[in-house]
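Novice: Structure in structure tokens, see below.
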Amino acid sequence: MYGNNQVAVYKEQKVIGFLAFCVEVDPPDPELYWIFRFMIDKNFQGQGYGTKALNLVIEEIKQLGAKRIHTMHKPSNKTARKLYQKAGFVYIGHLDDGDLLMEKKIT
Ligand SMILES: CC(C)(COP(=O)(O)OP(=O)(O)OC[C@H]1O[C@@H](n2cnc3c(N)ncnc32)[C@H](O)[C@@H]1OP(=O)(O)O)[C@@H](O)C(=O)NCCC(=O)NCCS
């Protein structure tokens with residue numbers, strides 16, 4: 001996929017998670033990025049790795065010139081809600097499939 005960046009989350013030498021992000025292409029907007037996949041191995045969830053990985057990726061996306069980051073999650077996903085809200089994302093609507101749409105503005 002064009003502009004697709006994939007990030008592995010490591011704990012020491014072991015891969016414990018995965019995240020994917022991309023720049024908006026339709027229409028092209030170099031200031032808008034999407035985090036569209038994010039998972040931490042279930043044996044390592046709830047230990048702060050998701051929060052750490054997300055903050056590192058936000059910093060990386062910021063360096064790429066983003067002014068806004070969008071992400072989405074299922075309404076029932078309370079962990080994702082907490083994770084993204086803690087990182088400064090706010091709800092701005094929903095997608096056609098019912099997923100909740102969130103945005104973080106980069107200052
Ligand atoms: C969402 C996900 C990436 C978060 O990663 P994580 O490493 O578990 O996150 P953290 O440990 O940093 O926790 C983030 C917050 O969620 C809370 N949390 C973590 N696991 C939880 C659980 N099972 N139930 C309720 N809250 C939970 C934590 O307490 C933390 O909040 P706090 O700092 O106020 O205590 C991970 O749980 C996951 O992969 N889930 C399945 C896939 C998914 O839902 N992806 C995201 C949406 S696409």
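Chain labels follow the order of the structure tokens: the first chain is A, the next B, and so on; residue numbering restarts at 1 in every chain, and ligands are counted from 1 in their shown order.
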Name the residues of chain A that come out as strand (DSSP E or B) in a backbone DSSP run; write them as a compact mmCIF listing (two decimals) with all heavy atoms, in the first residue's frame.

Specialist:
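The new file states_9.txt reads:
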```
# COMPACT_ATOMS: atom_id res chain seq x y z
N ASN A 4 2.63 3.28 3.27
CA ASN A 4 2.33 2.47 4.45
C ASN A 4 3.60 2.22 5.26
O ASN A 4 4.59 1.74 4.73
CB ASN A 4 1.74 1.14 3.95
CG ASN A 4 1.25 0.28 5.07
OD1 ASN A 4 1.35 0.65 6.24
ND2 ASN A 4 0.73 -0.86 4.72
N ASN A 5 3.58 2.54 6.53
CA ASN A 5 4.72 2.30 7.42
C ASN A 5 4.34 1.28 8.46
O ASN A 5 3.30 1.43 9.11
CB ASN A 5 5.11 3.60 8.14
CG ASN A 5 5.60 4.65 7.19
OD1 ASN A 5 6.78 4.77 6.95
ND2 ASN A 5 4.68 5.41 6.63
N GLN A 6 5.19 0.27 8.63
CA GLN A 6 4.89 -0.76 9.62
C GLN A 6 5.97 -0.77 10.67
O GLN A 6 7.16 -0.69 10.35
CB GLN A 6 4.79 -2.12 8.92
CG GLN A 6 3.76 -2.07 7.82
CD GLN A 6 3.42 -3.42 7.25
OE1 GLN A 6 3.95 -4.42 7.68
NE2 GLN A 6 2.51 -3.44 6.30
N VAL A 7 5.55 -0.85 11.92
CA VAL A 7 6.46 -0.75 13.05
C VAL A 7 6.30 -2.00 13.91
O VAL A 7 5.18 -2.35 14.29
CB VAL A 7 6.12 0.49 13.90
CG1 VAL A 7 6.98 0.56 15.14
CG2 VAL A 7 6.23 1.77 13.08
N ALA A 8 7.41 -2.65 14.23
CA ALA A 8 7.36 -3.77 15.18
C ALA A 8 7.70 -3.22 16.56
O ALA A 8 8.53 -2.33 16.70
CB ALA A 8 8.34 -4.85 14.79
N VAL A 9 7.01 -3.73 17.59
CA VAL A 9 7.28 -3.31 18.96
C VAL A 9 8.13 -4.39 19.62
O VAL A 9 7.72 -5.56 19.67
CB VAL A 9 5.96 -3.12 19.76
CG1 VAL A 9 6.26 -2.67 21.19
CG2 VAL A 9 5.04 -2.13 19.05
N TYR A 10 9.31 -4.01 20.09
CA TYR A 10 10.22 -4.97 20.72
C TYR A 10 10.28 -4.80 22.22
O TYR A 10 10.25 -3.69 22.73
CB TYR A 10 11.66 -4.75 20.20
CG TYR A 10 11.91 -5.29 18.82
CD1 TYR A 10 11.58 -4.54 17.69
CD2 TYR A 10 12.49 -6.54 18.64
CE1 TYR A 10 11.81 -5.03 16.41
CE2 TYR A 10 12.73 -7.03 17.37
CZ TYR A 10 12.39 -6.28 16.26
OH TYR A 10 12.63 -6.77 15.01
N LYS A 11 10.36 -5.93 22.93
CA LYS A 11 10.80 -5.93 24.33
C LYS A 11 12.11 -6.69 24.30
O LYS A 11 12.13 -7.89 24.02
CB LYS A 11 9.78 -6.65 25.20
CG LYS A 11 10.21 -6.81 26.65
CD LYS A 11 9.10 -7.53 27.43
CE LYS A 11 9.56 -8.12 28.73
NZ LYS A 11 10.10 -7.19 29.70
N LYS A 14 12.63 -9.48 21.57
CA LYS A 14 11.41 -10.18 21.20
C LYS A 14 10.35 -9.22 20.64
O LYS A 14 10.12 -8.15 21.23
CB LYS A 14 10.87 -10.85 22.48
CG LYS A 14 9.74 -11.81 22.28
CD LYS A 14 9.39 -12.41 23.66
CE LYS A 14 8.00 -12.99 23.69
NZ LYS A 14 7.78 -14.09 22.78
N VAL A 15 9.74 -9.61 19.54
CA VAL A 15 8.66 -8.79 18.99
C VAL A 15 7.38 -9.06 19.78
O VAL A 15 6.94 -10.21 19.88
CB VAL A 15 8.42 -9.12 17.49
CG1 VAL A 15 7.21 -8.34 16.97
CG2 VAL A 15 9.64 -8.78 16.67
N ILE A 16 6.81 -8.03 20.37
CA ILE A 16 5.61 -8.20 21.19
C ILE A 16 4.43 -7.39 20.66
O ILE A 16 3.37 -7.36 21.29
CB ILE A 16 5.87 -7.82 22.67
CG1 ILE A 16 6.29 -6.35 22.78
CG2 ILE A 16 6.90 -8.75 23.30
CD1 ILE A 16 6.03 -5.77 24.14
N GLY A 17 4.63 -6.74 19.51
CA GLY A 17 3.51 -5.96 19.00
C GLY A 17 3.77 -5.41 17.61
O GLY A 17 4.88 -5.58 17.06
N PHE A 18 2.75 -4.78 17.07
CA PHE A 18 2.78 -4.33 15.69
C PHE A 18 1.91 -3.09 15.56
O PHE A 18 0.85 -3.01 16.18
CB PHE A 18 2.23 -5.46 14.81
CG PHE A 18 2.02 -5.08 13.40
CD1 PHE A 18 3.10 -5.01 12.52
CD2 PHE A 18 0.76 -4.77 12.93
CE1 PHE A 18 2.90 -4.64 11.19
CE2 PHE A 18 0.55 -4.40 11.61
CZ PHE A 18 1.63 -4.34 10.74
N LEU A 19 2.38 -2.15 14.76
CA LEU A 19 1.61 -0.93 14.51
C LEU A 19 1.81 -0.52 13.05
O LEU A 19 2.91 -0.71 12.51
CB LEU A 19 2.11 0.16 15.45
CG LEU A 19 1.36 1.47 15.50
CD1 LEU A 19 1.51 2.11 16.89
CD2 LEU A 19 1.85 2.45 14.45
N ALA A 20 0.78 -0.01 12.42
CA ALA A 20 0.92 0.48 11.05
C ALA A 20 0.33 1.87 10.94
O ALA A 20 -0.71 2.16 11.54
CB ALA A 20 0.23 -0.47 10.07
N PHE A 21 1.04 2.73 10.19
CA PHE A 21 0.51 4.07 9.96
C PHE A 21 0.79 4.48 8.53
O PHE A 21 1.64 3.90 7.85
CB PHE A 21 1.06 5.08 10.97
CG PHE A 21 2.54 5.37 10.85
CD1 PHE A 21 3.01 6.38 10.02
CD2 PHE A 21 3.46 4.66 11.60
CE1 PHE A 21 4.36 6.67 9.93
CE2 PHE A 21 4.82 4.94 11.52
CZ PHE A 21 5.27 5.95 10.68
N CYS A 22 0.07 5.48 8.05
CA CYS A 22 0.29 5.97 6.69
C CYS A 22 -0.14 7.43 6.61
O CYS A 22 -0.89 7.93 7.46
CB CYS A 22 -0.50 5.14 5.68
SG CYS A 22 -2.28 5.29 5.85
N VAL A 23 0.34 8.08 5.57
CA VAL A 23 -0.08 9.45 5.30
C VAL A 23 -1.38 9.41 4.50
O VAL A 23 -1.62 8.45 3.75
CB VAL A 23 1.05 10.21 4.55
CG1 VAL A 23 1.25 9.69 3.13
CG2 VAL A 23 0.80 11.71 4.55
N GLU A 24 -2.21 10.43 4.65
CA GLU A 24 -3.47 10.50 3.89
C GLU A 24 -3.16 10.69 2.40
O GLU A 24 -2.36 11.55 2.03
CB GLU A 24 -4.30 11.69 4.40
CG GLU A 24 -5.56 11.96 3.62
CD GLU A 24 -6.57 10.83 3.76
OE1 GLU A 24 -7.13 10.69 4.85
OE2 GLU A 24 -6.80 10.10 2.79
N VAL A 25 -3.81 9.87 1.57
CA VAL A 25 -3.57 9.98 0.13
C VAL A 25 -4.84 10.32 -0.65
O VAL A 25 -4.78 10.56 -1.86
CB VAL A 25 -2.97 8.67 -0.46
CG1 VAL A 25 -1.55 8.48 0.04
CG2 VAL A 25 -3.84 7.47 -0.16
N PRO A 28 -4.58 13.72 -1.20
CA PRO A 28 -3.28 13.79 -0.54
C PRO A 28 -3.22 14.92 0.49
O PRO A 28 -3.65 16.04 0.20
CB PRO A 28 -2.31 14.08 -1.70
CG PRO A 28 -3.01 13.58 -2.91
CD PRO A 28 -4.47 13.80 -2.66
N ASP A 29 -2.74 14.60 1.68
CA ASP A 29 -2.60 15.60 2.73
C ASP A 29 -1.37 15.23 3.57
O ASP A 29 -1.45 14.38 4.46
CB ASP A 29 -3.86 15.65 3.60
CG ASP A 29 -3.78 16.72 4.68
OD1 ASP A 29 -2.68 17.29 4.87
OD2 ASP A 29 -4.79 16.97 5.34
N PRO A 30 -0.23 15.88 3.29
CA PRO A 30 1.01 15.51 3.99
C PRO A 30 0.98 15.85 5.48
O PRO A 30 1.87 15.44 6.22
CB PRO A 30 2.08 16.32 3.26
CG PRO A 30 1.36 17.44 2.60
CD PRO A 30 -0.03 16.94 2.30
N GLU A 31 -0.05 16.59 5.92
CA GLU A 31 -0.13 16.96 7.34
C GLU A 31 -1.05 16.03 8.13
O GLU A 31 -1.21 16.18 9.33
CB GLU A 31 -0.61 18.41 7.47
CG GLU A 31 0.38 19.38 6.85
CD GLU A 31 0.06 20.83 7.15
OE1 GLU A 31 -1.08 21.11 7.59
OE2 GLU A 31 0.94 21.67 6.95
N LEU A 32 -1.69 15.06 7.42
CA LEU A 32 -2.60 14.13 8.10
C LEU A 32 -2.08 12.69 7.98
O LEU A 32 -1.86 12.20 6.87
CB LEU A 32 -4.01 14.22 7.50
CG LEU A 32 -5.02 13.17 8.00
CD1 LEU A 32 -5.23 13.26 9.51
CD2 LEU A 32 -6.36 13.33 7.27
N TYR A 33 -1.89 12.04 9.13
CA TYR A 33 -1.46 10.65 9.16
C TYR A 33 -2.53 9.81 9.85
O TYR A 33 -3.28 10.30 10.68
CB TYR A 33 -0.13 10.50 9.93
CG TYR A 33 1.07 10.82 9.06
CD1 TYR A 33 1.32 12.12 8.64
CD2 TYR A 33 1.94 9.82 8.64
CE1 TYR A 33 2.42 12.41 7.82
CE2 TYR A 33 3.03 10.10 7.83
CZ TYR A 33 3.26 11.39 7.43
OH TYR A 33 4.34 11.67 6.62
N TRP A 34 -2.57 8.52 9.48
CA TRP A 34 -3.50 7.55 10.08
C TRP A 34 -2.73 6.44 10.76
O TRP A 34 -1.82 5.86 10.17
CB TRP A 34 -4.35 6.90 8.99
CG TRP A 34 -5.40 7.79 8.39
CD1 TRP A 34 -5.21 8.72 7.42
CD2 TRP A 34 -6.79 7.82 8.74
NE1 TRP A 34 -6.40 9.34 7.14
CE2 TRP A 34 -7.39 8.80 7.93
CE3 TRP A 34 -7.57 7.10 9.65
CZ2 TRP A 34 -8.74 9.09 8.00
CZ3 TRP A 34 -8.92 7.39 9.72
CH2 TRP A 34 -9.50 8.38 8.91
N ILE A 35 -3.08 6.15 11.99
CA ILE A 35 -2.64 4.91 12.64
C ILE A 35 -3.79 3.94 12.45
O ILE A 35 -4.89 4.17 12.96
CB ILE A 35 -2.34 5.13 14.14
CG1 ILE A 35 -1.13 6.06 14.31
CG2 ILE A 35 -2.08 3.77 14.83
CD1 ILE A 35 -0.83 6.45 15.75
N PHE A 36 -3.58 2.89 11.66
CA PHE A 36 -4.72 2.05 11.30
C PHE A 36 -4.61 0.59 11.76
O PHE A 36 -5.52 -0.19 11.54
CB PHE A 36 -5.02 2.14 9.79
CG PHE A 36 -3.89 1.67 8.91
CD1 PHE A 36 -3.84 0.36 8.47
CD2 PHE A 36 -2.91 2.54 8.52
CE1 PHE A 36 -2.81 -0.09 7.67
CE2 PHE A 36 -1.86 2.11 7.73
CZ PHE A 36 -1.81 0.80 7.29
N ARG A 37 -3.51 0.22 12.38
CA ARG A 37 -3.39 -1.10 13.00
C ARG A 37 -2.55 -0.93 14.24
O ARG A 37 -1.54 -0.24 14.20
CB ARG A 37 -2.63 -2.10 12.12
CG ARG A 37 -3.30 -2.54 10.87
CD ARG A 37 -4.12 -3.81 11.06
NE ARG A 37 -4.62 -4.26 9.78
CZ ARG A 37 -5.61 -3.67 9.12
NH1 ARG A 37 -6.20 -2.61 9.63
NH2 ARG A 37 -6.01 -4.12 7.94
N PHE A 38 -2.94 -1.56 15.32
CA PHE A 38 -2.14 -1.50 16.53
C PHE A 38 -2.49 -2.68 17.40
O PHE A 38 -3.66 -2.87 17.76
CB PHE A 38 -2.42 -0.19 17.28
CG PHE A 38 -1.45 0.10 18.40
CD1 PHE A 38 -0.27 -0.61 18.55
CD2 PHE A 38 -1.70 1.11 19.31
CE1 PHE A 38 0.63 -0.34 19.56
CE2 PHE A 38 -0.81 1.40 20.34
CZ PHE A 38 0.36 0.68 20.46
N MET A 39 -1.51 -3.49 17.72
CA MET A 39 -1.77 -4.60 18.63
C MET A 39 -0.53 -4.95 19.43
O MET A 39 0.60 -4.81 18.95
CB MET A 39 -2.28 -5.83 17.87
CG MET A 39 -1.36 -6.33 16.82
SD MET A 39 -2.19 -7.44 15.67
CE MET A 39 -3.04 -6.29 14.63
N ILE A 40 -0.78 -5.34 20.66
CA ILE A 40 0.27 -5.84 21.53
C ILE A 40 -0.11 -7.29 21.85
O ILE A 40 -1.29 -7.57 22.13
CB ILE A 40 0.36 -5.00 22.83
CG1 ILE A 40 0.76 -3.54 22.56
CG2 ILE A 40 1.31 -5.65 23.85
CD1 ILE A 40 2.20 -3.33 22.12
N ARG A 68 -1.83 16.53 12.22
CA ARG A 68 -2.95 15.79 12.81
C ARG A 68 -2.72 14.30 12.59
O ARG A 68 -2.18 13.91 11.56
CB ARG A 68 -4.28 16.18 12.12
CG ARG A 68 -4.72 17.60 12.39
CD ARG A 68 -5.92 17.96 11.54
NE ARG A 68 -5.58 17.92 10.13
CZ ARG A 68 -6.37 17.44 9.17
NH1 ARG A 68 -7.55 16.93 9.45
NH2 ARG A 68 -5.98 17.48 7.92
N ILE A 69 -3.17 13.51 13.58
CA ILE A 69 -3.15 12.05 13.44
C ILE A 69 -4.56 11.54 13.68
O ILE A 69 -5.20 11.95 14.66
CB ILE A 69 -2.19 11.38 14.43
CG1 ILE A 69 -0.78 11.97 14.30
CG2 ILE A 69 -2.15 9.87 14.21
CD1 ILE A 69 0.20 11.46 15.38
N HIS A 70 -5.03 10.68 12.81
CA HIS A 70 -6.33 10.04 13.00
C HIS A 70 -6.13 8.56 13.34
O HIS A 70 -5.18 7.93 12.89
CB HIS A 70 -7.18 10.14 11.72
CG HIS A 70 -7.77 11.49 11.52
ND1 HIS A 70 -8.60 11.80 10.47
CD2 HIS A 70 -7.66 12.64 12.24
CE1 HIS A 70 -8.98 13.07 10.56
NE2 HIS A 70 -8.41 13.60 11.61
N THR A 71 -7.06 8.04 14.11
CA THR A 71 -7.10 6.60 14.35
C THR A 71 -8.56 6.21 14.58
O THR A 71 -9.43 7.09 14.63
CB THR A 71 -6.19 6.17 15.52
OG1 THR A 71 -6.07 4.74 15.51
CG2 THR A 71 -6.73 6.61 16.87
N MET A 72 -8.80 4.93 14.72
CA MET A 72 -10.19 4.47 14.91
C MET A 72 -10.19 3.21 15.74
O MET A 72 -9.19 2.49 15.81
CB MET A 72 -10.87 4.22 13.55
CG MET A 72 -10.43 2.99 12.81
SD MET A 72 -8.72 2.99 12.30
CE MET A 72 -8.85 3.88 10.76
N HIS A 73 -11.33 2.96 16.39
CA HIS A 73 -11.48 1.69 17.10
C HIS A 73 -12.95 1.35 17.22
O HIS A 73 -13.83 2.22 17.08
CB HIS A 73 -10.79 1.74 18.48
CG HIS A 73 -11.46 2.63 19.48
ND1 HIS A 73 -12.57 2.25 20.20
CD2 HIS A 73 -11.17 3.89 19.89
CE1 HIS A 73 -12.92 3.24 21.02
NE2 HIS A 73 -12.10 4.25 20.84
N VAL A 90 -8.90 12.81 20.64
CA VAL A 90 -10.29 13.11 21.00
C VAL A 90 -11.22 12.58 19.90
O VAL A 90 -10.81 12.45 18.74
CB VAL A 90 -10.54 14.63 21.19
CG1 VAL A 90 -9.68 15.17 22.34
CG2 VAL A 90 -10.26 15.40 19.91
N TYR A 91 -12.46 12.31 20.27
CA TYR A 91 -13.43 11.79 19.30
C TYR A 91 -13.93 12.89 18.37
O TYR A 91 -14.29 13.97 18.84
CB TYR A 91 -14.60 11.13 20.03
CG TYR A 91 -14.18 9.84 20.68
CD1 TYR A 91 -13.94 9.78 22.05
CD2 TYR A 91 -13.96 8.70 19.92
CE1 TYR A 91 -13.49 8.60 22.64
CE2 TYR A 91 -13.52 7.53 20.50
CZ TYR A 91 -13.29 7.49 21.85
OH TYR A 91 -12.84 6.32 22.42
N ILE A 92 -13.92 12.59 17.07
CA ILE A 92 -14.41 13.60 16.12
C ILE A 92 -15.49 13.04 15.20
O ILE A 92 -15.94 13.72 14.29
CB ILE A 92 -13.25 14.19 15.26
CG1 ILE A 92 -12.50 13.08 14.51
CG2 ILE A 92 -12.30 15.01 16.12
CD1 ILE A 92 -11.57 13.63 13.42
N GLY A 93 -15.92 11.80 15.41
CA GLY A 93 -16.98 11.25 14.56
C GLY A 93 -16.87 9.75 14.48
O GLY A 93 -16.29 9.11 15.35
N HIS A 94 -17.45 9.21 13.41
CA HIS A 94 -17.31 7.76 13.21
C HIS A 94 -17.21 7.46 11.72
O HIS A 94 -17.58 8.28 10.87
CB HIS A 94 -18.46 7.00 13.86
CG HIS A 94 -19.81 7.38 13.36
ND1 HIS A 94 -20.32 6.86 12.20
CD2 HIS A 94 -20.72 8.25 13.83
CE1 HIS A 94 -21.51 7.39 11.99
NE2 HIS A 94 -21.78 8.24 12.96
N LEU A 100 -15.31 4.24 15.80
CA LEU A 100 -15.20 5.61 16.29
C LEU A 100 -13.91 6.23 15.76
O LEU A 100 -12.85 5.59 15.78
CB LEU A 100 -15.19 5.63 17.82
CG LEU A 100 -16.43 5.02 18.48
CD1 LEU A 100 -16.28 5.05 20.01
CD2 LEU A 100 -17.70 5.76 18.05
N LEU A 101 -14.02 7.46 15.29
CA LEU A 101 -12.88 8.17 14.69
C LEU A 101 -12.30 9.14 15.71
O LEU A 101 -13.04 9.91 16.33
CB LEU A 101 -13.37 8.92 13.45
CG LEU A 101 -12.37 9.81 12.73
CD1 LEU A 101 -11.19 8.99 12.19
CD2 LEU A 101 -13.07 10.55 11.58
N MET A 102 -10.98 9.09 15.88
CA MET A 102 -10.32 9.98 16.83
C MET A 102 -9.23 10.79 16.14
O MET A 102 -8.67 10.36 15.14
CB MET A 102 -9.66 9.17 17.95
CG MET A 102 -10.61 8.31 18.73
SD MET A 102 -9.81 7.50 20.14
CE MET A 102 -9.97 8.77 21.40
N GLU A 103 -8.94 11.95 16.73
CA GLU A 103 -7.90 12.82 16.18
C GLU A 103 -7.00 13.34 17.29
O GLU A 103 -7.48 13.68 18.37
CB GLU A 103 -8.54 14.02 15.47
CG GLU A 103 -7.50 14.99 14.91
CD GLU A 103 -8.15 16.13 14.14
OE1 GLU A 103 -8.57 17.11 14.78
OE2 GLU A 103 -8.25 16.03 12.91
N LYS A 104 -5.73 13.41 16.97
CA LYS A 104 -4.79 14.11 17.84
C LYS A 104 -4.16 15.23 17.03
O LYS A 104 -3.65 15.00 15.94
CB LYS A 104 -3.69 13.17 18.34
CG LYS A 104 -2.65 13.88 19.21
CD LYS A 104 -1.59 12.92 19.71
CE LYS A 104 -0.44 13.67 20.38
NZ LYS A 104 -0.83 14.34 21.63
N LYS A 105 -4.24 16.43 17.57
CA LYS A 105 -3.59 17.56 16.91
C LYS A 105 -2.15 17.65 17.43
O LYS A 105 -1.91 17.50 18.63
CB LYS A 105 -4.34 18.85 17.24
CG LYS A 105 -5.64 18.98 16.48
CD LYS A 105 -6.15 20.42 16.58
CE LYS A 105 -7.16 20.79 15.53
NZ LYS A 105 -8.32 19.94 15.40
```

Novice: Could you give me, as a list of chain:residue names, every polymer residue with an atom at most 7 Å away from an atom of ligand 1, counting only C-alpha atoms and all ligand atoms?

Specialist: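 Counting only what the definition allows, namely only C-alpha atoms and all ligand atoms, the set is A:Phe36, A:Arg37, A:Phe38, A:Met39, A:Ile40, A:Asp41, A:Lys42, A:Phe44, A:Gln45, A:Gly46, A:Gln47, A:Gly48, A:Tyr49, A:Gly50, A:Thr51, A:Lys52, A:Met72, A:His73, A:Asn77, A:Lys78, A:Thr79, A:Ala80, A:Lys82, A:Leu83.
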
Novice: Looking only at the backbone, which of the residues in chain A does DSSP tag as alpha helix (DSSP H), as a ChimeraX atom specification?

Specialist: /A:49-63,78-86
